[in-house]
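**Q** Below you'll find the structure I mean.
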2 protein chains.
Amino acid sequence: MSIPGGRSGRRRVADDGVVPPPPQRRATGRPPRISRADIVAAAHRIVDAEGVARLTMRRLAAEVGSTPMALYHHVRDRDELLVLLLEDYARRIPRPELPEQPRERIVAAALVLHDVLAERPWLVTALATDDLMGATALWIVEVMVDAAMAAGLSAERAVHAYRAIWYYTVGEITVRSAAGRQRASRDRPSYRDEVFASLDPAELPRLAALADRWTALTTVDTYAAGLRALVDGLLPGS
Amino acid sequence: MSIPGGRSGRRRVADDGVVPPPPQRRATGRPPRISRADIVAAAHRIVDAEGVARLTMRRLAAEVGSTPMALYHHVRDRDELLVLLLEDYARRIPRPELPEQPRERIVAAALVLHDVLAERPWLVTALATDDLMGATALWIVEVMVDAAMAAGLSAERAVHAYRAIWYYTVGEITVRSAAGRQRASRDRPSYRDEVFASLDPAELPRLAALADRWTALTTVDTYAAGLRALVDGLLPGS
DNA sequence: GAGGGTTTCTATACGCGTATAAAAACTTAG
DNA sequence: CTAAGTTTTTATACGCGTATAGAAACCCTC
């Protein structure tokens, strides 16, 4: 009925924490032909070779040599699969040298987070659902909360600060990747161009003056700059 | 072949701006049975009565008394439909009294924006694609850019400041609405609970200490507080 | 052996967004 | 009246995520 053990670490431990005598005991039931790890590995192969758009449950089933619905006994849904993929990516992040200074620590940690996601923007939807990254990447959150407290924030406010940074990061990835997707399919002239072309300078003088530069201005990568501003505002006075 | 006139404002105007002699001229071709306005109105009805989940192209076609594919001659895709819906919502926003002080103007404008979206989080995906709201809500952007410049920022930096706020807002809505959706389907115990339950206090002391308060801490609405911090960081020093 | 219990896997089906191709309904030219 | 051209509408189809129901494959106890 239920999906088998989430974290692969704990297995066959009763509620009281006692491990049953035969540690290498096979549970009853039909033996599985595929495993969660198989699925994740196959998913990795597909994403690397054909892109995430091709990562469908049917394609994945074919890759592991099974049927689509069989996957659902090992993975709750497609979103969970994406989170598992991220888990793998996160494991590979080299834990970088972090600055000592709290403010710079936070910025550095957020940049690591951002870089991982920016390369795989399709993860963000799945992540937002889980609101937090997989367990493997939690050290980034720890760093940020810890540094925020070192900078003088209470535990509560440190968490809120982390969250603000998380929001900002999710938003940046979402918007920028959506914009990129749109630029990719560039036969149509885009709603925005049309709107900007017909701006009324009397009503919206600033935007009208910026209209022709708008696309250029909003294509620049300003994540780091905005992040620094946010952190500056979040931490107690300069 | 192409989808007829975007903004309903300009019609039958040649490239040189001269209106052809017969202003009430019907173009050739099969006369339309439905219009863009019909579609948007029907969409509104469905969303209000049955929720956005029911707003499918098939259901919408039934509502306007047509077939699904007929809609696609008046609307590019479902996302564009959502943007048109937002357009309508935006038109209804009463333009509030805005504070004179630039910093507070920005905050107030962002809060208006946030409130509109927070009530209709499903709009955000469509919006992110278009990266900007429909024309009707552009005054919010104008206010923010203008106030940022009044506070001493260059035009470029003012746009970047607006963008940072936009990112933060999109992220907040995305994450919070995803979390809400998840809390709605609460039979399963959620991946996050599992992760937090098995935190290693030696590795992640801050998070372990906060584990039991985490959900409470991350459920609080901190949009306004984070926004103020962001604006403080973006505008030149106090 | 035979029958339950349990787990995994397969078959089938639904509704979704939308691509594609063709039919229908009109205007205009001959 | 007919033929061509244009626009809108329809029919059909594809692949998607996944719900549901039942078959298959194993372990036990008799």
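FYI, nothing fancy with the structure tokens labels: chains A, B, ... in order, residues from 1 per chain, ligands from 1 as they appear.
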Please report as an MDAnalysis selection string which residues of chain D come no farther than 8 Å from chain B, using only C-alpha atoms (C1' of nucleotides).
**A** chainID D and resid 6:10
**Q** Would you mind exporting C-alpha atoms (C1' of nucleotides) of the selected residues as a compact mmCIF listing (two decimals), in the first residue's frame?
**A**
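result_0.txt written:
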# COMPACT_ATOMS: atom_id res chain seq x y z
C1' DT D 6 -9.63 34.36 -45.86
C1' DT D 7 -10.90 33.46 -41.27
C1' DT D 8 -13.05 30.67 -37.75
C1' DT D 9 -14.45 26.39 -36.09
C1' DT D 10 -14.31 21.39 -35.69
**Q** Can you work out which residues from chain C touch chain A at a cut-off of 6 Å (counting only C-alpha atoms (C1' of nucleotides)) and hand them back as a VMD selection string?
**A** chain C and resid 6 to 9
**Q** Save the residues we just selected, N, CA, C and O atoms (P, O5', C5', C4', C3', O3' and C1' of nucleotides), as a JSON list (two decimals), in the first residue's frame?
**A**
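part03.json was written with the following content:
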[["chain", "number", "residue", "atom", "x", "y", "z"],
["C", 6, "DT", "P", -1.23, -9.27, 5.70],
["C", 6, "DT", "O5'", -0.07, -8.98, 4.63],
["C", 6, "DT", "C5'", 1.22, -9.56, 4.83],
["C", 6, "DT", "C4'", 2.15, -9.16, 3.70],
["C", 6, "DT", "C3'", 2.01, -7.71, 3.26],
["C", 6, "DT", "O3'", 3.29, -7.13, 3.23],
["C", 6, "DT", "C1'", 1.88, -9.15, 1.38],
["C", 7, "DT", "P", 3.46, -5.56, 3.15],
["C", 7, "DT", "O5'", 4.12, -5.41, 1.69],
["C", 7, "DT", "C5'", 5.34, -6.10, 1.42],
["C", 7, "DT", "C4'", 5.48, -6.30, -0.06],
["C", 7, "DT", "C3'", 5.54, -5.01, -0.89],
["C", 7, "DT", "O3'", 6.86, -4.88, -1.38],
["C", 7, "DT", "C1'", 4.20, -6.69, -1.93],
["C", 8, "DT", "P", 7.30, -3.61, -2.22],
["C", 8, "DT", "O5'", 7.04, -4.10, -3.72],
["C", 8, "DT", "C5'", 7.78, -5.22, -4.21],
["C", 8, "DT", "C4'", 7.25, -5.57, -5.58],
["C", 8, "DT", "C3'", 7.33, -4.45, -6.61],
["C", 8, "DT", "O3'", 8.12, -4.92, -7.70],
["C", 8, "DT", "C1'", 5.19, -5.44, -6.64],
["C", 9, "DC", "P", 8.59, -3.89, -8.84],
["C", 9, "DC", "O5'", 7.56, -4.26, -10.00],
["C", 9, "DC", "C5'", 7.40, -5.60, -10.40],
["C", 9, "DC", "C4'", 6.11, -5.74, -11.18],
["C", 9, "DC", "C3'", 5.98, -4.79, -12.37],
["C", 9, "DC", "O3'", 6.02, -5.57, -13.55],
["C", 9, "DC", "C1'", 3.97, -4.94, -11.12]]
**Q** Find the spatial neighbours of segment 105-111 of chain B, counting only C-alpha atoms (C1' of nucleotides), within a cut-off of 12 Å - ignore same-chain residues fewer than 5 positions away - and output them as a PyMOL selection string.
**A** chain B and resi 93-100+116-118+137-151+158+161-170+222-232+234-235
**Q** When DSSP is applied to the backbone of this structure, which of segment 41-94 of chain A are assigned helix (DSSP H, G or I)? Write them out as a ChimeraX atom specification.
**A** /A:41-50,52-54,57-64,68-71,78-92
**Q** Name all residues at most 12 Å from Asp212 of chain B (count only C-alpha atoms (C1' of nucleotides); drop same-chain ones fewer than 5 positions away) and give them as an MDAnalysis selection string.
**A** chainID B and resid 192:199 206:207 217:218
**Q** Print the selection's residues with all heavy atoms to a file, as a short mmCIF file (atom, residue, chain, number, x, y, z; two decimals), in the first residue's frame.
**A**
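Result saved to selection-v1.cif:
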data_model
loop_
_atom_site.label_atom_id
_atom_site.label_comp_id
_atom_site.auth_asym_id
_atom_site.auth_seq_id
_atom_site.Cartn_x
_atom_site.Cartn_y
_atom_site.Cartn_z
N ARG B 192 9.66 16.66 4.41
CA ARG B 192 10.38 17.57 5.28
C ARG B 192 10.37 17.10 6.73
O ARG B 192 11.38 17.11 7.43
CB ARG B 192 9.79 18.97 5.21
CG ARG B 192 10.63 19.97 6.00
CD ARG B 192 10.04 21.35 5.92
NE ARG B 192 8.76 21.43 6.58
CZ ARG B 192 7.77 22.19 6.15
NH1 ARG B 192 7.90 22.87 5.06
NH2 ARG B 192 6.63 22.22 6.80
N ASP B 193 9.19 16.67 7.20
CA ASP B 193 9.11 16.20 8.58
C ASP B 193 10.11 15.09 8.82
O ASP B 193 10.81 15.07 9.84
CB ASP B 193 7.69 15.67 8.85
CG ASP B 193 6.67 16.78 8.70
OD1 ASP B 193 7.08 17.97 8.69
OD2 ASP B 193 5.47 16.48 8.60
N GLU B 194 10.18 14.21 7.85
CA GLU B 194 11.09 13.08 7.98
C GLU B 194 12.53 13.57 8.09
O GLU B 194 13.29 13.11 8.95
CB GLU B 194 10.93 12.20 6.74
CG GLU B 194 11.18 10.73 6.98
CD GLU B 194 11.02 9.98 5.66
OE1 GLU B 194 10.08 10.29 4.90
OE2 GLU B 194 11.85 9.10 5.42
N VAL B 195 12.88 14.49 7.24
CA VAL B 195 14.25 15.02 7.26
C VAL B 195 14.54 15.69 8.60
O VAL B 195 15.56 15.43 9.23
CB VAL B 195 14.45 16.02 6.10
CG1 VAL B 195 15.75 16.78 6.28
CG2 VAL B 195 14.44 15.29 4.77
N PHE B 196 13.62 16.51 9.03
CA PHE B 196 13.88 17.25 10.27
C PHE B 196 13.92 16.33 11.48
O PHE B 196 14.62 16.60 12.46
CB PHE B 196 12.82 18.34 10.47
CG PHE B 196 13.25 19.65 9.91
CD1 PHE B 196 12.83 20.06 8.67
CD2 PHE B 196 14.12 20.46 10.62
CE1 PHE B 196 13.25 21.26 8.15
CE2 PHE B 196 14.55 21.66 10.12
CZ PHE B 196 14.11 22.07 8.86
N ALA B 197 13.17 15.25 11.42
CA ALA B 197 13.16 14.34 12.55
C ALA B 197 14.51 13.64 12.73
O ALA B 197 14.89 13.29 13.84
CB ALA B 197 12.06 13.30 12.36
N SER B 198 15.23 13.49 11.65
CA SER B 198 16.47 12.74 11.73
C SER B 198 17.70 13.63 11.56
O SER B 198 18.73 13.19 11.06
CB SER B 198 16.46 11.65 10.66
OG SER B 198 16.35 12.24 9.38
N LEU B 199 17.58 14.87 11.98
CA LEU B 199 18.72 15.78 11.89
C LEU B 199 19.80 15.38 12.87
O LEU B 199 19.52 14.99 14.00
CB LEU B 199 18.28 17.21 12.20
CG LEU B 199 17.63 17.99 11.07
CD1 LEU B 199 17.39 19.42 11.51
CD2 LEU B 199 18.49 17.96 9.85
N ARG B 206 22.19 24.29 14.60
CA ARG B 206 21.14 25.32 14.58
C ARG B 206 19.81 24.74 14.14
O ARG B 206 18.77 24.99 14.77
CB ARG B 206 21.53 26.45 13.63
CG ARG B 206 22.79 27.20 13.99
CD ARG B 206 22.65 27.90 15.32
NE ARG B 206 23.71 28.88 15.50
CZ ARG B 206 23.99 29.46 16.67
NH1 ARG B 206 23.27 29.13 17.75
NH2 ARG B 206 24.95 30.34 16.76
N LEU B 207 19.83 23.99 13.07
CA LEU B 207 18.58 23.44 12.56
C LEU B 207 18.00 22.41 13.52
O LEU B 207 16.79 22.36 13.73
CB LEU B 207 18.81 22.80 11.18
CG LEU B 207 19.27 23.76 10.10
CD1 LEU B 207 19.27 23.07 8.74
CD2 LEU B 207 18.39 24.99 10.05
N LEU B 217 7.73 28.57 12.51
CA LEU B 217 8.50 29.73 12.09
C LEU B 217 8.31 30.04 10.61
O LEU B 217 8.33 31.20 10.20
CB LEU B 217 9.99 29.50 12.37
CG LEU B 217 10.42 29.67 13.82
CD1 LEU B 217 11.88 29.31 14.00
CD2 LEU B 217 10.17 31.12 14.26
N THR B 218 8.18 29.00 9.82
CA THR B 218 8.10 29.23 8.38
C THR B 218 6.66 29.40 7.90
O THR B 218 6.43 29.55 6.70
CB THR B 218 8.75 28.07 7.61
OG1 THR B 218 8.14 26.85 7.99
CG2 THR B 218 10.22 28.00 7.91
#
**Q** Excluding segment 10-20 of chain C and its own-chain neighbours fewer than 3 positions away, which residues fall within 12 Å of it when counting only C-alpha atoms (C1' of nucleotides)? Please give them as an MDAnalysis selection string.
**A** (chainID A and resid 66:71) or (chainID B and resid 53:59 68:72 76:79) or (chainID D and resid 11:24)
**Q** Mind pulling up the distance from atom CA of Ser177 of chain A to atom CA of Asp200 of chain A?
**A**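 For atom CA of Asp200 of chain A relative to atom CA of Ser177 of chain A, the distance reads 29.3 Å.
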**Q** Kindly give the distance, in Å, that separates atom CA of Val112 of chain B and atom CA of Val124 of chain A, rounded to a single decimal.
**A**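 Taking atom CA of Val112 of chain B and atom CA of Val124 of chain A, their separation equals 25.5 Å.
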**Q** Grab the atom CA of Gly134 of chain A to atom CA of Glu87 of chain A distance for me, in Å with one decimal place.
**A**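 So the answer is 5.5 Å.
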